[in-house]
Structure formats: structure tokens, C-alpha cells
>>> print(open('coords.pdb').read())   # PDB, N, CA and C atoms
ATOM      1  N   LEU A   1       0.826  -1.193   0.000
ATOM      2  CA  LEU A   1       0.000   0.000   0.000
ATOM      3  C   LEU A   1       0.869   1.256   0.000
ATOM      4  N   LEU A   2       1.729   1.401   1.029
ATOM      5  CA  LEU A   2       2.664   2.528   1.086
ATOM      6  C   LEU A   2       4.092   1.993   1.009
ATOM      7  N   SER A   3       4.917   2.701   0.283
ATOM      8  CA  SER A   3       6.318   2.301   0.205
ATOM      9  C   SER A   3       7.025   2.701   1.507
ATOM     10  N   PRO A   4       8.156   2.095   1.812
ATOM     11  CA  PRO A   4       8.889   2.463   3.034
ATOM     12  C   PRO A   4       9.273   3.940   3.082
ATOM     13  N   LEU A   5       9.589   4.525   1.926
ATOM     14  CA  LEU A   5       9.926   5.945   1.887
ATOM     15  C   LEU A   5       8.717   6.804   2.275
ATOM     16  N   GLN A   6       7.538   6.435   1.794
ATOM     17  CA  GLN A   6       6.324   7.171   2.138
ATOM     18  C   GLN A   6       6.000   7.040   3.625
ATOM     19  N   LYS A   7       6.243   5.862   4.176
ATOM     20  CA  LYS A   7       5.993   5.657   5.610
ATOM     21  C   LYS A   7       6.910   6.532   6.457
ATOM     22  N   TRP A   8       8.188   6.622   6.070
ATOM     23  CA  TRP A   8       9.134   7.449   6.816
ATOM     24  C   TRP A   8       8.790   8.933   6.677
ATOM     25  N   ALA A   9       8.360   9.320   5.472
ATOM     26  CA  ALA A   9       7.966  10.716   5.261
ATOM     27  C   ALA A   9       6.732  11.052   6.100
ATOM     28  N   LEU A  10       5.787  10.152   6.155
ATOM     29  CA  LEU A  10       4.593  10.351   6.970
ATOM     30  C   LEU A  10       4.948  10.421   8.448
ATOM     31  N   LEU A  11       5.853   9.576   8.891
ATOM     32  CA  LEU A  11       6.295   9.606  10.286
ATOM     33  C   LEU A  11       6.991  10.924  10.606
ATOM     34  N   ALA A  12       7.844  11.400   9.705
ATOM     35  CA  ALA A  12       8.563  12.654   9.932
ATOM     36  C   ALA A  12       7.597  13.836   9.970
ATOM     37  N   LEU A  13       6.635  13.878   9.058
ATOM     38  CA  LEU A  13       5.650  14.957   9.055
ATOM     39  C   LEU A  13       4.773  14.914  10.304
ATOM     40  N   SER A  14       4.413  13.733  10.741
ATOM     41  CA  SER A  14       3.612  13.596  11.958
ATOM     42  C   SER A  14       4.386  14.064  13.181
ATOM     43  N   ALA A  15       5.672  13.729  13.242
ATOM     44  CA  ALA A  15       6.507  14.162  14.364
ATOM     45  C   ALA A  15       6.649  15.685  14.373
ATOM     46  N   CYS A  16       6.846  16.281  13.198
ATOM     47  CA  CYS A  16       6.936  17.748  13.113
ATOM     48  C   CYS A  16       5.629  18.399  13.527
ATOM     49  N   SER A  17       4.523  17.834  13.120
ATOM     50  CA  SER A  17       3.210  18.361  13.482
ATOM     51  C   SER A  17       2.992  18.285  14.990
ATOM     52  N   CYS A  18       3.373  17.176  15.591
ATOM     53  CA  CYS A  18       3.233  17.028  17.047
ATOM     54  C   CYS A  18       4.110  18.029  17.785
ATOM     55  N   LEU A  19       5.329  18.241  17.303
ATOM     56  CA  LEU A  19       6.236  19.199  17.929
ATOM     57  C   LEU A  19       5.679  20.624  17.844
ATOM     58  N   CYS A  20       5.136  20.983  16.685
ATOM     59  CA  CYS A  20       4.537  22.317  16.529
ATOM     60  C   CYS A  20       3.331  22.482  17.452
ATOM     61  N   CYS A  21       2.530  21.464  17.556
ATOM     62  CA  CYS A  21       1.353  21.511  18.423
ATOM     63  C   CYS A  21       1.765  21.677  19.883
ATOM     64  N   LEU A  22       2.783  20.965  20.308
ATOM     65  CA  LEU A  22       3.251  21.082  21.688
ATOM     66  C   LEU A  22       3.822  22.467  21.972
ATOM     67  N   CYS A  23       4.526  23.043  21.010
ATOM     68  CA  CYS A  23       5.064  24.401  21.185
ATOM     69  C   CYS A  23       3.947  25.418  21.305
ATOM     70  N   ARG A  24       2.931  25.303  20.484
ATOM     71  CA  ARG A  24       1.798  26.226  20.562
ATOM     72  C   ARG A  24       1.044  26.059  21.863
ATOM     73  N   LEU A  25       0.881  24.833  22.316
ATOM     74  CA  LEU A  25       0.202  24.590  23.585
ATOM     75  C   LEU A  25       0.992  25.180  24.745
ATOM     76  N   LEU A  26       2.303  25.040  24.707
ATOM     77  CA  LEU A  26       3.143  25.626  25.743
ATOM     78  C   LEU A  26       3.022  27.150  25.740
ATOM     79  N   GLY A  27       3.029  27.771  24.563
ATOM     80  CA  GLY A  27       2.858  29.218  24.463
ATOM     81  C   GLY A  27       1.516  29.679  24.983
ATOM     82  N   LEU A  28       0.470  28.929  24.674
ATOM     83  CA  LEU A  28      -0.864  29.269  25.172
ATOM     84  C   LEU A  28      -0.926  29.161  26.691
ATOM     85  N   LEU A  29      -0.342  28.114  27.243
ATOM     86  CA  LEU A  29      -0.332  27.956  28.699
ATOM     87  C   LEU A  29       0.461  29.061  29.381
ATOM     88  N   VAL A  30       1.567  29.473  28.794
ATOM     89  CA  VAL A  30       2.353  30.575  29.356
ATOM     90  C   VAL A  30       1.549  31.868  29.302
ATOM     91  N   ALA A  31       0.878  32.134  28.178
ATOM     92  CA  ALA A  31       0.079  33.350  28.049
ATOM     93  C   ALA A  31      -1.070  33.364  29.056
ATOM     94  N   ILE A  32      -1.745  32.246  29.232
ATOM     95  CA  ILE A  32      -2.837  32.176  30.205
ATOM     96  C   ILE A  32      -2.295  32.347  31.612
ATOM     97  N   GLY A  33      -1.168  31.708  31.911
ATOM     98  CA  GLY A  33      -0.567  31.834  33.241
ATOM     99  C   GLY A  33      -0.154  33.261  33.559
ATOM    100  N   LEU A  34       0.458  33.938  32.575
ATOM    101  CA  LEU A  34       0.856  35.327  32.804
ATOM    102  C   LEU A  34      -0.354  36.237  32.976
ATOM    103  N   THR A  35      -1.396  36.000  32.209
ATOM    104  CA  THR A  35      -2.602  36.816  32.319
ATOM    105  C   THR A  35      -3.281  36.609  33.667
ATOM    106  N   LEU A  36      -3.378  35.376  34.094
ATOM    107  CA  LEU A  36      -3.991  35.111  35.399
ATOM    108  C   LEU A  36      -3.094  35.584  36.540
ATOM    109  N   GLY A  37      -1.794  35.538  36.327
ATOM    110  CA  GLY A  37      -0.857  35.950  37.370
ATOM    111  C   GLY A  37      -0.897  37.434  37.672
ATOM    112  N   ASN A  38      -1.199  38.257  36.665
ATOM    113  CA  ASN A  38      -1.256  39.703  36.913
ATOM    114  C   ASN A  38      -2.670  40.250  36.782
ATOM    115  N   GLN A  39      -3.671  39.391  36.881
ATOM    116  CA  GLN A  39      -5.089  39.735  36.841
ATOM    117  C   GLN A  39      -5.460  40.530  35.580
ATOM    118  N   GLY A  40      -4.764  40.345  34.488
ATOM    119  CA  GLY A  40      -5.092  40.985  33.224
ATOM    120  C   GLY A  40      -4.695  42.449  33.128
ATOM    121  N   ARG A  41      -3.942  42.961  34.088
ATOM    122  CA  ARG A  41      -3.568  44.378  34.056
ATOM    123  C   ARG A  41      -2.671  44.706  32.868
ATOM    124  N   VAL A  42      -1.886  43.759  32.410
ATOM    125  CA  VAL A  42      -0.961  44.012  31.310
ATOM    126  C   VAL A  42      -1.713  44.219  29.992
ATOM    127  N   LEU A  43      -2.916  43.676  29.880
ATOM    128  CA  LEU A  43      -3.686  43.858  28.655
ATOM    129  C   LEU A  43      -4.051  45.319  28.437
ATOM    130  N   LEU A  44      -4.271  46.060  29.507
ATOM    131  CA  LEU A  44      -4.632  47.466  29.408
ATOM    132  C   LEU A  44      -3.452  48.388  29.663
ATOM    133  N   ALA A  45      -2.256  47.849  29.855
ATOM    134  CA  ALA A  45      -1.082  48.670  30.161
ATOM    135  C   ALA A  45      -0.734  49.670  29.060
ATOM    136  N   PRO A  46      -0.868  49.352  27.765
ATOM    137  CA  PRO A  46      -0.511  50.344  26.743
ATOM    138  C   PRO A  46      -1.470  51.520  26.674
ATOM    139  N   CYS A  47      -2.598  51.444  27.327
ATOM    140  CA  CYS A  47      -3.588  52.520  27.257
ATOM    141  C   CYS A  47      -3.061  53.740  28.003
ATOM    142  N   SER A  48      -3.275  54.914  27.422
ATOM    143  CA  SER A  48      -2.675  56.121  27.979
ATOM    144  C   SER A  48      -3.591  56.869  28.944
ATOM    145  N   ILE A  49      -4.827  56.452  29.093
ATOM    146  CA  ILE A  49      -5.743  57.127  30.004
ATOM    147  C   ILE A  49      -5.501  56.592  31.412
ATOM    148  N   ALA A  50      -5.499  57.480  32.402
ATOM    149  CA  ALA A  50      -5.223  57.073  33.778
ATOM    150  C   ALA A  50      -6.362  56.228  34.341
ATOM    151  N   ASN A  51      -7.581  56.519  33.978
ATOM    152  CA  ASN A  51      -8.725  55.763  34.470
ATOM    153  C   ASN A  51      -8.895  54.521  33.599
ATOM    154  N   THR A  52      -8.682  53.338  34.167
ATOM    155  CA  THR A  52      -8.753  52.108  33.370
ATOM    156  C   THR A  52     -10.180  51.787  32.959
ATOM    157  N   ALA A  53     -11.181  52.391  33.605
ATOM    158  CA  ALA A  53     -12.563  52.162  33.179
ATOM    159  C   ALA A  53     -12.813  52.803  31.813
ATOM    160  N   LEU A  54     -12.118  53.897  31.507
ATOM    161  CA  LEU A  54     -12.282  54.570  30.222
ATOM    162  C   LEU A  54     -11.255  54.112  29.199
ATOM    163  N   ALA A  55     -10.270  53.360  29.610
ATOM    164  CA  ALA A  55      -9.163  52.987  28.729
ATOM    165  C   ALA A  55      -9.591  52.215  27.480
ATOM    166  N   PRO A  56     -10.528  51.256  27.554
ATOM    167  CA  PRO A  56     -10.854  50.508  26.340
ATOM    168  C   PRO A  56     -11.452  51.356  25.222
ATOM    169  N   VAL A  57     -12.046  52.507  25.529
ATOM    170  CA  VAL A  57     -12.643  53.321  24.475
ATOM    171  C   VAL A  57     -11.669  54.337  23.909
ATOM    172  N   SER A  58     -10.462  54.361  24.420
ATOM    173  CA  SER A  58      -9.452  55.304  23.943
ATOM    174  C   SER A  58      -8.912  54.860  22.593
ATOM    175  N   ARG A  59      -8.521  55.823  21.766
ATOM    176  CA  ARG A  59      -7.912  55.486  20.479
ATOM    177  C   ARG A  59      -6.513  54.908  20.668
ATOM    178  N   GLU A  60      -5.866  55.213  21.784
ATOM    179  CA  GLU A  60      -4.517  54.721  22.023
ATOM    180  C   GLU A  60      -4.510  53.295  22.568
ATOM    181  N   CYS A  61      -5.645  52.763  22.935
ATOM    182  CA  CYS A  61      -5.717  51.436  23.536
ATOM    183  C   CYS A  61      -5.946  50.388  22.444
ATOM    184  N   PRO A  62      -4.988  49.477  22.223
ATOM    185  CA  PRO A  62      -5.136  48.500  21.150
ATOM    186  C   PRO A  62      -6.074  47.346  21.486
ATOM    187  N   PHE A  63      -6.472  47.217  22.742
ATOM    188  CA  PHE A  63      -7.284  46.077  23.159
ATOM    189  C   PHE A  63      -8.561  46.584  23.806
ATOM    190  N   ASP A  64      -9.704  46.212  23.259
ATOM    191  CA  ASP A  64     -10.991  46.639  23.789
ATOM    192  C   ASP A  64     -11.785  45.403  24.189
ATOM    193  N   PRO A  65     -11.777  45.042  25.480
ATOM    194  CA  PRO A  65     -12.474  43.826  25.902
ATOM    195  C   PRO A  65     -13.989  43.961  25.866
ATOM    196  N   THR A  66     -14.512  45.167  25.694
ATOM    197  CA  THR A  66     -15.963  45.361  25.705
ATOM    198  C   THR A  66     -16.565  45.370  24.312
ATOM    199  N   ARG A  67     -15.754  45.400  23.281
ATOM    200  CA  ARG A  67     -16.265  45.512  21.916
ATOM    201  C   ARG A  67     -16.625  44.149  21.352
ATOM    202  N   VAL A  68     -17.726  44.091  20.624
ATOM    203  CA  VAL A  68     -18.146  42.866  19.953
ATOM    204  C   VAL A  68     -17.804  43.029  18.479
ATOM    205  N   TYR A  69     -16.946  42.156  17.976
ATOM    206  CA  TYR A  69     -16.505  42.231  16.597
ATOM    207  C   TYR A  69     -17.363  41.293  15.746
ATOM    208  N   VAL A  70     -18.145  41.889  14.840
ATOM    209  CA  VAL A  70     -19.021  41.111  13.965
ATOM    210  C   VAL A  70     -18.812  41.616  12.543
ATOM    211  N   SER A  71     -18.614  40.698  11.632
ATOM    212  CA  SER A  71     -18.456  41.114  10.247
ATOM    213  C   SER A  71     -19.816  41.499   9.667
ATOM    214  N   ALA A  72     -19.805  42.412   8.721
ATOM    215  CA  ALA A  72     -21.055  42.884   8.118
ATOM    216  C   ALA A  72     -21.750  41.765   7.358
ATOM    217  N   ARG A  73     -20.998  40.872   6.770
ATOM    218  CA  ARG A  73     -21.589  39.774   6.012
ATOM    219  C   ARG A  73     -22.328  38.818   6.951
ATOM    220  N   TRP A  74     -21.759  38.544   8.125
ATOM    221  CA  TRP A  74     -22.403  37.637   9.072
ATOM    222  C   TRP A  74     -23.632  38.272   9.685
ATOM    223  N   ALA A  75     -23.558  39.560  10.011
ATOM    224  CA  ALA A  75     -24.661  40.257  10.674
ATOM    225  C   ALA A  75     -25.802  40.511   9.708
ATOM    226  N   GLY A  76     -25.532  40.528   8.430
ATOM    227  CA  GLY A  76     -26.581  40.825   7.450
ATOM    228  C   GLY A  76     -26.814  42.325   7.395
ATOM    229  N   ASP A  77     -27.731  42.725   6.536
ATOM    230  CA  ASP A  77     -27.977  44.153   6.401
ATOM    231  C   ASP A  77     -29.066  44.641   7.352
ATOM    232  N   GLY A  78     -29.727  43.753   8.066
ATOM    233  CA  GLY A  78     -30.729  44.152   9.053
ATOM    234  C   GLY A  78     -32.090  44.394   8.468
ATOM    235  N   ALA A  79     -32.249  44.306   7.169
ATOM    236  CA  ALA A  79     -33.540  44.533   6.544
ATOM    237  C   ALA A  79     -34.138  43.188   6.134
ATOM    238  N   GLY A  80     -35.185  42.825   6.760
ATOM    239  CA  GLY A  80     -35.849  41.581   6.367
ATOM    240  C   GLY A  80     -35.799  40.540   7.464
ATOM    241  N   ASP A  81     -36.000  39.317   7.055
ATOM    242  CA  ASP A  81     -36.084  38.158   7.942
ATOM    243  C   ASP A  81     -37.323  38.250   8.712
TER     244      ASP A  81
END
>>> encode(input="coords.pdb", output="C-alpha cells")
Amino acid sequence: LLSPLQKWALLALSACSCLCCLCRLLGLLVAIGLTLGNQGRVLLAPCSIANTALAPVSRECPFDPTRVYVSARWAGDGAGD
């Protein structure tokens, strides 16, 4: 069914895929750990407004946890249905 060369190539690709998956999982766990460790304060750190309650609506704040991102195609035009 498969030649020995194909089997080795499949094994090598599978090993690379597993290694990439483990690296991404480790990065995700580190990011979650750091976020939980500092109670999410670092997410709003780049914001320039002193009051963190107003920070997400600032133009200088790259992260807005209160905004709902919906594409226009998914939301539809609102007329009908």
C-alpha cells in the first residue's frame, strides 16, 4: 500500500506536526498563566488614560475587551427576515 519511503515521510511529518502543536500549547499555557498571574492588568497597560474604566474606548488602547466584533456579512444588512 505505502512504500517504506512514504511511511518514513509520513512519520517525519507527523513528528513535526506534534512538535509544533506542543510548542503552541506551551505558548498558550504561558500566556494564560501570565494573564492570570497579573489579573489581566498588562492587557490594558498600553492605554494612555489614567482611568482604566475609560481605557478601552481610547484610540490609544489596542485592546478593547468590551467591543463585539461582527463582520457585516455575518450580521446581514438588518432589513428583512
>>> atom_distance(input="coords.pdb", atom1="atom CA of Leu10 of chain A", atom2="atom N of Gly27 of chain A")
24.8 Å
>>> atom_distance(input="coords.pdb", atom1="atom CA of Val42 of chain A", atom2="atom CA of Leu29 of chain A")
16.3 Å
>>> atom_distance(input="coords.pdb", atom1="atom CA of Leu22 of chain A", atom2="atom CA of Ser3 of chain A")
28.7 Å
>>> axis_aligned_box(input="coords.pdb", around="segment 13-25 of chain A", padding_each_side="4 Å", output="JSON")
{"center_x": 3.6, "center_y": 19.9, "center_z": 16.9, "size_x": 14.7, "size_y": 20.6, "size_z": 23.7}
>>> build_atoms(input="coords.pdb", residues="segment 5-16 of chain A", atoms="all heavy atoms", output="PDB file, in the frame of the given file")
ATOM      1  N   LEU A   5       9.589   4.525   1.926  1.00  0.00           N
ATOM      2  CA  LEU A   5       9.926   5.945   1.887  1.00  0.00           C
ATOM      3  C   LEU A   5       8.717   6.804   2.275  1.00  0.00           C
ATOM      4  O   LEU A   5       8.843   7.777   3.020  1.00  0.00           O
ATOM      5  CB  LEU A   5      10.428   6.317   0.489  1.00  0.00           C
ATOM      6  CG  LEU A   5      10.836   7.774   0.292  1.00  0.00           C
ATOM      7  CD1 LEU A   5      11.986   8.141   1.230  1.00  0.00           C
ATOM      8  CD2 LEU A   5      11.204   8.036  -1.151  1.00  0.00           C
ATOM      9  N   GLN A   6       7.538   6.435   1.794  1.00  0.00           N
ATOM     10  CA  GLN A   6       6.324   7.171   2.138  1.00  0.00           C
ATOM     11  C   GLN A   6       6.000   7.040   3.625  1.00  0.00           C
ATOM     12  O   GLN A   6       5.532   7.984   4.255  1.00  0.00           O
ATOM     13  CB  GLN A   6       5.149   6.686   1.295  1.00  0.00           C
ATOM     14  CG  GLN A   6       5.236   7.081  -0.159  1.00  0.00           C
ATOM     15  CD  GLN A   6       4.121   6.466  -0.981  1.00  0.00           C
ATOM     16  OE1 GLN A   6       3.637   5.383  -0.667  1.00  0.00           O
ATOM     17  NE2 GLN A   6       3.744   7.150  -2.064  1.00  0.00           N
ATOM     18  N   LYS A   7       6.243   5.862   4.176  1.00  0.00           N
ATOM     19  CA  LYS A   7       5.993   5.657   5.610  1.00  0.00           C
ATOM     20  C   LYS A   7       6.910   6.532   6.457  1.00  0.00           C
ATOM     21  O   LYS A   7       6.476   7.142   7.436  1.00  0.00           O
ATOM     22  CB  LYS A   7       6.176   4.186   5.979  1.00  0.00           C
ATOM     23  CG  LYS A   7       5.086   3.291   5.447  1.00  0.00           C
ATOM     24  CD  LYS A   7       5.320   1.842   5.842  1.00  0.00           C
ATOM     25  CE  LYS A   7       4.277   0.925   5.244  1.00  0.00           C
ATOM     26  NZ  LYS A   7       4.489  -0.481   5.591  1.00  0.00           N
ATOM     27  N   TRP A   8       8.188   6.622   6.070  1.00  0.00           N
ATOM     28  CA  TRP A   8       9.134   7.449   6.816  1.00  0.00           C
ATOM     29  C   TRP A   8       8.790   8.933   6.677  1.00  0.00           C
ATOM     30  O   TRP A   8       8.900   9.709   7.628  1.00  0.00           O
ATOM     31  CB  TRP A   8      10.568   7.185   6.365  1.00  0.00           C
ATOM     32  CG  TRP A   8      11.122   5.928   6.962  1.00  0.00           C
ATOM     33  CD1 TRP A   8      11.361   4.751   6.317  1.00  0.00           C
ATOM     34  CD2 TRP A   8      11.493   5.722   8.319  1.00  0.00           C
ATOM     35  NE1 TRP A   8      11.843   3.816   7.184  1.00  0.00           N
ATOM     36  CE2 TRP A   8      11.948   4.393   8.436  1.00  0.00           C
ATOM     37  CE3 TRP A   8      11.490   6.514   9.457  1.00  0.00           C
ATOM     38  CZ2 TRP A   8      12.376   3.850   9.631  1.00  0.00           C
ATOM     39  CZ3 TRP A   8      11.931   5.964  10.655  1.00  0.00           C
ATOM     40  CH2 TRP A   8      12.366   4.655  10.737  1.00  0.00           C
ATOM     41  N   ALA A   9       8.360   9.320   5.472  1.00  0.00           N
ATOM     42  CA  ALA A   9       7.966  10.716   5.261  1.00  0.00           C
ATOM     43  C   ALA A   9       6.732  11.052   6.100  1.00  0.00           C
ATOM     44  O   ALA A   9       6.661  12.132   6.710  1.00  0.00           O
ATOM     45  CB  ALA A   9       7.688  10.958   3.776  1.00  0.00           C
ATOM     46  N   LEU A  10       5.787  10.152   6.155  1.00  0.00           N
ATOM     47  CA  LEU A  10       4.593  10.351   6.970  1.00  0.00           C
ATOM     48  C   LEU A  10       4.948  10.421   8.448  1.00  0.00           C
ATOM     49  O   LEU A  10       4.419  11.268   9.189  1.00  0.00           O
ATOM     50  CB  LEU A  10       3.591   9.230   6.707  1.00  0.00           C
ATOM     51  CG  LEU A  10       2.248   9.335   7.413  1.00  0.00           C
ATOM     52  CD1 LEU A  10       1.498  10.575   6.969  1.00  0.00           C
ATOM     53  CD2 LEU A  10       1.420   8.088   7.131  1.00  0.00           C
ATOM     54  N   LEU A  11       5.853   9.576   8.891  1.00  0.00           N
ATOM     55  CA  LEU A  11       6.295   9.606  10.286  1.00  0.00           C
ATOM     56  C   LEU A  11       6.991  10.924  10.606  1.00  0.00           C
ATOM     57  O   LEU A  11       6.744  11.534  11.660  1.00  0.00           O
ATOM     58  CB  LEU A  11       7.230   8.428  10.561  1.00  0.00           C
ATOM     59  CG  LEU A  11       7.793   8.358  11.981  1.00  0.00           C
ATOM     60  CD1 LEU A  11       6.686   8.068  12.981  1.00  0.00           C
ATOM     61  CD2 LEU A  11       8.888   7.317  12.060  1.00  0.00           C
ATOM     62  N   ALA A  12       7.844  11.400   9.705  1.00  0.00           N
ATOM     63  CA  ALA A  12       8.563  12.654   9.932  1.00  0.00           C
ATOM     64  C   ALA A  12       7.597  13.836   9.970  1.00  0.00           C
ATOM     65  O   ALA A  12       7.702  14.713  10.837  1.00  0.00           O
ATOM     66  CB  ALA A  12       9.602  12.862   8.837  1.00  0.00           C
ATOM     67  N   LEU A  13       6.635  13.878   9.058  1.00  0.00           N
ATOM     68  CA  LEU A  13       5.650  14.957   9.055  1.00  0.00           C
ATOM     69  C   LEU A  13       4.773  14.914  10.304  1.00  0.00           C
ATOM     70  O   LEU A  13       4.426  15.949  10.876  1.00  0.00           O
ATOM     71  CB  LEU A  13       4.786  14.886   7.796  1.00  0.00           C
ATOM     72  CG  LEU A  13       5.467  15.298   6.503  1.00  0.00           C
ATOM     73  CD1 LEU A  13       4.548  15.045   5.308  1.00  0.00           C
ATOM     74  CD2 LEU A  13       5.879  16.753   6.560  1.00  0.00           C
ATOM     75  N   SER A  14       4.413  13.733  10.741  1.00  0.00           N
ATOM     76  CA  SER A  14       3.612  13.596  11.958  1.00  0.00           C
ATOM     77  C   SER A  14       4.386  14.064  13.181  1.00  0.00           C
ATOM     78  O   SER A  14       3.833  14.738  14.061  1.00  0.00           O
ATOM     79  CB  SER A  14       3.185  12.139  12.151  1.00  0.00           C
ATOM     80  OG  SER A  14       2.367  11.719  11.101  1.00  0.00           O
ATOM     81  N   ALA A  15       5.672  13.729  13.242  1.00  0.00           N
ATOM     82  CA  ALA A  15       6.507  14.162  14.364  1.00  0.00           C
ATOM     83  C   ALA A  15       6.649  15.685  14.373  1.00  0.00           C
ATOM     84  O   ALA A  15       6.561  16.324  15.434  1.00  0.00           O
ATOM     85  CB  ALA A  15       7.872  13.492  14.289  1.00  0.00           C
ATOM     86  N   CYS A  16       6.846  16.281  13.198  1.00  0.00           N
ATOM     87  CA  CYS A  16       6.936  17.748  13.113  1.00  0.00           C
ATOM     88  C   CYS A  16       5.629  18.399  13.527  1.00  0.00           C
ATOM     89  O   CYS A  16       5.615  19.416  14.232  1.00  0.00           O
ATOM     90  CB  CYS A  16       7.305  18.177  11.698  1.00  0.00           C
ATOM     91  SG  CYS A  16       8.999  17.784  11.251  1.00  0.00           S
TER      92      CYS A  16
END
